[in-house]
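S.K.: Below are the structure tokens for one structure; questions will follow.
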Amino acid sequence: MADGMHFEKLADEYATARPSYPPQLWRRLHDLGLLRPGTTALDLGAGSGQATGTLLAAGLRVTAIEPGRRLSRLLRESYPTATVQVARAEDVELPASSFDLVVAATAIHWMDLSIVLPRVRTALTDGGRLAVWRNVFGDFEAPPTPFRERVAEIVRARRAPARTGPPAEDLTAMTGALTESGLFTVADASTYRWSLDLDADGVGSLFRTFSDWSPAEVAQAVDAVRELGGTVTEHYSSWLLVLAPTSRESGS
């Protein structure tokens, strides 16, 4: 996949440039009883391990699934206690009733849900949960900033085709996509807002990891930071969905 190759080429930068998930998201997972030491977790599309590392630190036993070989190597080097499999979520063999928690962190939008969701439901233990979350790079409810206005200008001038499928940043759209099969129902939903100060180099490193940004567009964003004083405050958000499997009898 072309987008997978994008992340592979930038594996080291991806690991350092992408911001962590907000602490309050992890506190919510803990308060829901999903980060119990000794339980089993499956991290789908694990990337460089932003979710894997925190799950391990909480005492869970983690299997990380990542199709990229360079990213998988980073996972093994950074988190040697995790079990890492180089595979797509659609292709990996998942034993029945083997995981208490399955997570997909800023990854579910790359997956074929018609294949992945039935496999995940089979792989979950009784009482297990699927937790899906995403960092959204641009909080549309925050007051617009001069830098965000420049970003919007860059995007409006883009000639690349739009992504297919539900908008990954849209919690409502993703909720519909994850529940329309009838295999899962929403157990909990939450959104968290946070900010990050970035200089020109930081914006360049982060925006280069976005698969839909060209090098020329990244350069324009970097120039905008410099023209606006050298540092910008970015307002971001993260949404979290915790899904419970429907009963085997009622599921289709």
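Starting from 1 in every chain, residues are counted up; chains themselves are A, B, ... following the order of the structure tokens, and ligands are numbered from 1 as listed.
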I need the residues of range 42-93 of chain A that end up classed as strand (DSSP E or B) by DSSP on the backbone, written out as a list in words.
M.R.: Leu42, Asp43, Leu44, Arg61, Val62, Thr63, Ala64, Ile65, Thr83, Val84 and Gln85 of chain A
S.K.: For the residues selected in the previous step, produce a file with all heavy atoms as an mmCIF file, in the first residue's frame.
M.R.:
data_model
loop_
_atom_site.group_PDB
_atom_site.id
_atom_site.type_symbol
_atom_site.label_atom_id
_atom_site.label_comp_id
_atom_site.auth_asym_id
_atom_site.auth_seq_id
_atom_site.Cartn_x
_atom_site.Cartn_y
_atom_site.Cartn_z
ATOM 1 N N LEU A 42 -4.174 -6.740 22.375
ATOM 2 C CA LEU A 42 -3.750 -6.819 20.984
ATOM 3 C C LEU A 42 -3.754 -5.409 20.421
ATOM 4 O O LEU A 42 -4.780 -4.722 20.459
ATOM 5 C CB LEU A 42 -4.714 -7.707 20.187
ATOM 6 C CG LEU A 42 -4.462 -7.840 18.685
ATOM 7 C CD1 LEU A 42 -3.185 -8.622 18.421
ATOM 8 C CD2 LEU A 42 -5.656 -8.513 18.000
ATOM 9 N N ASP A 43 -2.609 -4.963 19.916
ATOM 10 C CA ASP A 43 -2.465 -3.618 19.352
ATOM 11 C C ASP A 43 -2.394 -3.751 17.840
ATOM 12 O O ASP A 43 -1.381 -4.190 17.281
ATOM 13 C CB ASP A 43 -1.205 -2.956 19.918
ATOM 14 C CG ASP A 43 -1.059 -1.502 19.505
ATOM 15 O OD1 ASP A 43 -1.922 -0.997 18.771
ATOM 16 O OD2 ASP A 43 -0.062 -0.877 19.914
ATOM 17 N N LEU A 44 -3.468 -3.364 17.150
ATOM 18 C CA LEU A 44 -3.548 -3.491 15.696
ATOM 19 C C LEU A 44 -3.015 -2.233 15.032
ATOM 20 O O LEU A 44 -3.410 -1.125 15.387
ATOM 21 C CB LEU A 44 -5.003 -3.710 15.272
ATOM 22 C CG LEU A 44 -5.661 -5.018 15.709
ATOM 23 C CD1 LEU A 44 -7.133 -5.017 15.299
ATOM 24 C CD2 LEU A 44 -4.941 -6.222 15.126
ATOM 25 N N ARG A 61 -0.024 -7.796 28.940
ATOM 26 C CA ARG A 61 0.768 -8.623 28.027
ATOM 27 C C ARG A 61 0.297 -8.305 26.610
ATOM 28 O O ARG A 61 -0.857 -8.525 26.285
ATOM 29 C CB ARG A 61 0.588 -10.101 28.352
ATOM 30 C CG ARG A 61 1.199 -10.493 29.703
ATOM 31 C CD ARG A 61 0.983 -11.949 30.055
ATOM 32 N NE ARG A 61 -0.395 -12.209 30.438
ATOM 33 C CZ ARG A 61 -1.179 -13.152 29.909
ATOM 34 N NH1 ARG A 61 -0.721 -13.911 28.934
ATOM 35 N NH2 ARG A 61 -2.408 -13.321 30.337
ATOM 36 N N VAL A 62 1.217 -7.777 25.794
ATOM 37 C CA VAL A 62 0.816 -7.145 24.538
ATOM 38 C C VAL A 62 1.347 -7.907 23.334
ATOM 39 O O VAL A 62 2.537 -8.246 23.255
ATOM 40 C CB VAL A 62 1.319 -5.685 24.481
ATOM 41 C CG1 VAL A 62 0.881 -5.022 23.175
ATOM 42 C CG2 VAL A 62 0.805 -4.886 25.686
ATOM 43 N N THR A 63 0.454 -8.141 22.374
ATOM 44 C CA THR A 63 0.821 -8.577 21.032
ATOM 45 C C THR A 63 0.587 -7.404 20.095
ATOM 46 O O THR A 63 -0.523 -6.856 20.050
ATOM 47 C CB THR A 63 -0.022 -9.777 20.584
ATOM 48 O OG1 THR A 63 0.238 -10.890 21.453
ATOM 49 C CG2 THR A 63 0.312 -10.175 19.152
ATOM 50 N N ALA A 64 1.628 -6.997 19.385
ATOM 51 C CA ALA A 64 1.556 -5.842 18.488
ATOM 52 C C ALA A 64 1.604 -6.320 17.042
ATOM 53 O O ALA A 64 2.511 -7.071 16.665
ATOM 54 C CB ALA A 64 2.706 -4.877 18.769
ATOM 55 N N ILE A 65 0.631 -5.887 16.257
ATOM 56 C CA ILE A 65 0.538 -6.251 14.845
ATOM 57 C C ILE A 65 0.876 -5.023 14.005
ATOM 58 O O ILE A 65 0.227 -3.981 14.125
ATOM 59 C CB ILE A 65 -0.874 -6.741 14.483
ATOM 60 C CG1 ILE A 65 -1.332 -7.850 15.432
ATOM 61 C CG2 ILE A 65 -0.925 -7.195 13.028
ATOM 62 C CD1 ILE A 65 -0.439 -9.074 15.431
ATOM 63 N N THR A 83 5.115 -9.099 22.032
ATOM 64 C CA THR A 83 5.140 -10.044 20.921
ATOM 65 C C THR A 83 4.770 -9.284 19.655
ATOM 66 O O THR A 83 3.670 -8.733 19.569
ATOM 67 C CB THR A 83 4.144 -11.192 21.153
ATOM 68 O OG1 THR A 83 4.504 -11.894 22.342
ATOM 69 C CG2 THR A 83 4.150 -12.158 19.969
ATOM 70 N N VAL A 84 5.691 -9.202 18.711
ATOM 71 C CA VAL A 84 5.478 -8.404 17.507
ATOM 72 C C VAL A 84 5.298 -9.329 16.310
ATOM 73 O O VAL A 84 6.123 -10.224 16.079
ATOM 74 C CB VAL A 84 6.660 -7.443 17.266
ATOM 75 C CG1 VAL A 84 6.450 -6.650 15.975
ATOM 76 C CG2 VAL A 84 6.836 -6.501 18.454
ATOM 77 N N GLN A 85 4.236 -9.113 15.557
ATOM 78 C CA GLN A 85 4.000 -9.859 14.325
ATOM 79 C C GLN A 85 3.960 -8.890 13.148
ATOM 80 O O GLN A 85 3.276 -7.870 13.207
ATOM 81 C CB GLN A 85 2.676 -10.629 14.397
ATOM 82 C CG GLN A 85 2.653 -11.721 15.461
ATOM 83 C CD GLN A 85 1.386 -12.564 15.380
ATOM 84 O OE1 GLN A 85 0.912 -12.888 14.284
ATOM 85 N NE2 GLN A 85 0.849 -12.915 16.522
#
S.K.: List the spatial neighbours of range 16-33 of chain A as a list in words - criterion: any atom at most 6 Å away, only C-alpha atoms, same-chain residues fewer than 3 positions off excluded.
M.R.: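 The filter keeps Glu13, Ser205 and Leu206 of chain A.
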S.K.: Determine, counting only C-alpha atoms, which protein, DNA and RNA residues have an atom within 6 Å of an atom of Leu198 in chain A; residues of the same chain fewer than 3 positions away are not included. Present the result as a PDB file with all heavy atoms, in the first residue's frame.
M.R.:
ATOM      1  N   GLY A 202       9.768  21.378  14.139  1.00  0.00           N
ATOM      2  CA  GLY A 202       8.758  20.471  14.675  1.00  0.00           C
ATOM      3  C   GLY A 202       7.582  20.303  13.745  1.00  0.00           C
ATOM      4  O   GLY A 202       7.080  19.185  13.559  1.00  0.00           O
ATOM      5  N   VAL A 203       7.130  21.398  13.144  1.00  0.00           N
ATOM      6  CA  VAL A 203       6.044  21.306  12.169  1.00  0.00           C
ATOM      7  C   VAL A 203       6.486  20.486  10.963  1.00  0.00           C
ATOM      8  O   VAL A 203       5.751  19.622  10.466  1.00  0.00           O
ATOM      9  CB  VAL A 203       5.580  22.715  11.746  1.00  0.00           C
ATOM     10  CG1 VAL A 203       4.742  22.654  10.459  1.00  0.00           C
ATOM     11  CG2 VAL A 203       4.783  23.363  12.860  1.00  0.00           C
ATOM     12  N   THR A 231       7.378  30.068  16.101  1.00  0.00           N
ATOM     13  CA  THR A 231       6.717  29.067  16.943  1.00  0.00           C
ATOM     14  C   THR A 231       5.208  29.260  16.833  1.00  0.00           C
ATOM     15  O   THR A 231       4.726  30.394  16.820  1.00  0.00           O
ATOM     16  CB  THR A 231       7.137  29.195  18.414  1.00  0.00           C
ATOM     17  OG1 THR A 231       8.553  29.088  18.518  1.00  0.00           O
ATOM     18  CG2 THR A 231       6.499  28.103  19.264  1.00  0.00           C
ATOM     19  N   VAL A 232       4.483  28.151  16.747  1.00  0.00           N
ATOM     20  CA  VAL A 232       3.015  28.221  16.700  1.00  0.00           C
ATOM     21  C   VAL A 232       2.446  27.288  17.758  1.00  0.00           C
ATOM     22  O   VAL A 232       3.061  26.279  18.123  1.00  0.00           O
ATOM     23  CB  VAL A 232       2.467  27.834  15.307  1.00  0.00           C
ATOM     24  CG1 VAL A 232       2.890  28.852  14.260  1.00  0.00           C
ATOM     25  CG2 VAL A 232       2.898  26.423  14.904  1.00  0.00           C
TER      26      VAL A 232
END
S.K.: Between A:Arg129, A:Arg121, A:Arg134, A:Arg226, which is the closest to Ile108 in chain A once you count only C-alpha atoms?
M.R.: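 Checking each candidate against Ile108 in chain A, we get A:Arg134 as the closest.
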S.K.: When DSSP is applied to the backbone of this structure, which of range 101-207 of chain A are assigned alpha helix (DSSP H)? Write them out as a VMD selection string.
M.R.: chain A and resid 113 to 123 146 to 156 171 to 179 200 to 207
S.K.: Considering only C-alpha atoms, state which residue in the set A:Thr172, A:Thr54, A:Thr81, A:Ser247 is at the smallest distance from Thr185 in chain A.
M.R.: A:Ser247
S.K.: Write out as a PyMOL selection string each polymer residue whose atoms come within 9 Å of Ala107 in chain A, counting only C-alpha atoms; drop sequence neighbours fewer than 6 positions from it.
M.R.: chain A and resi 44-47+132-134
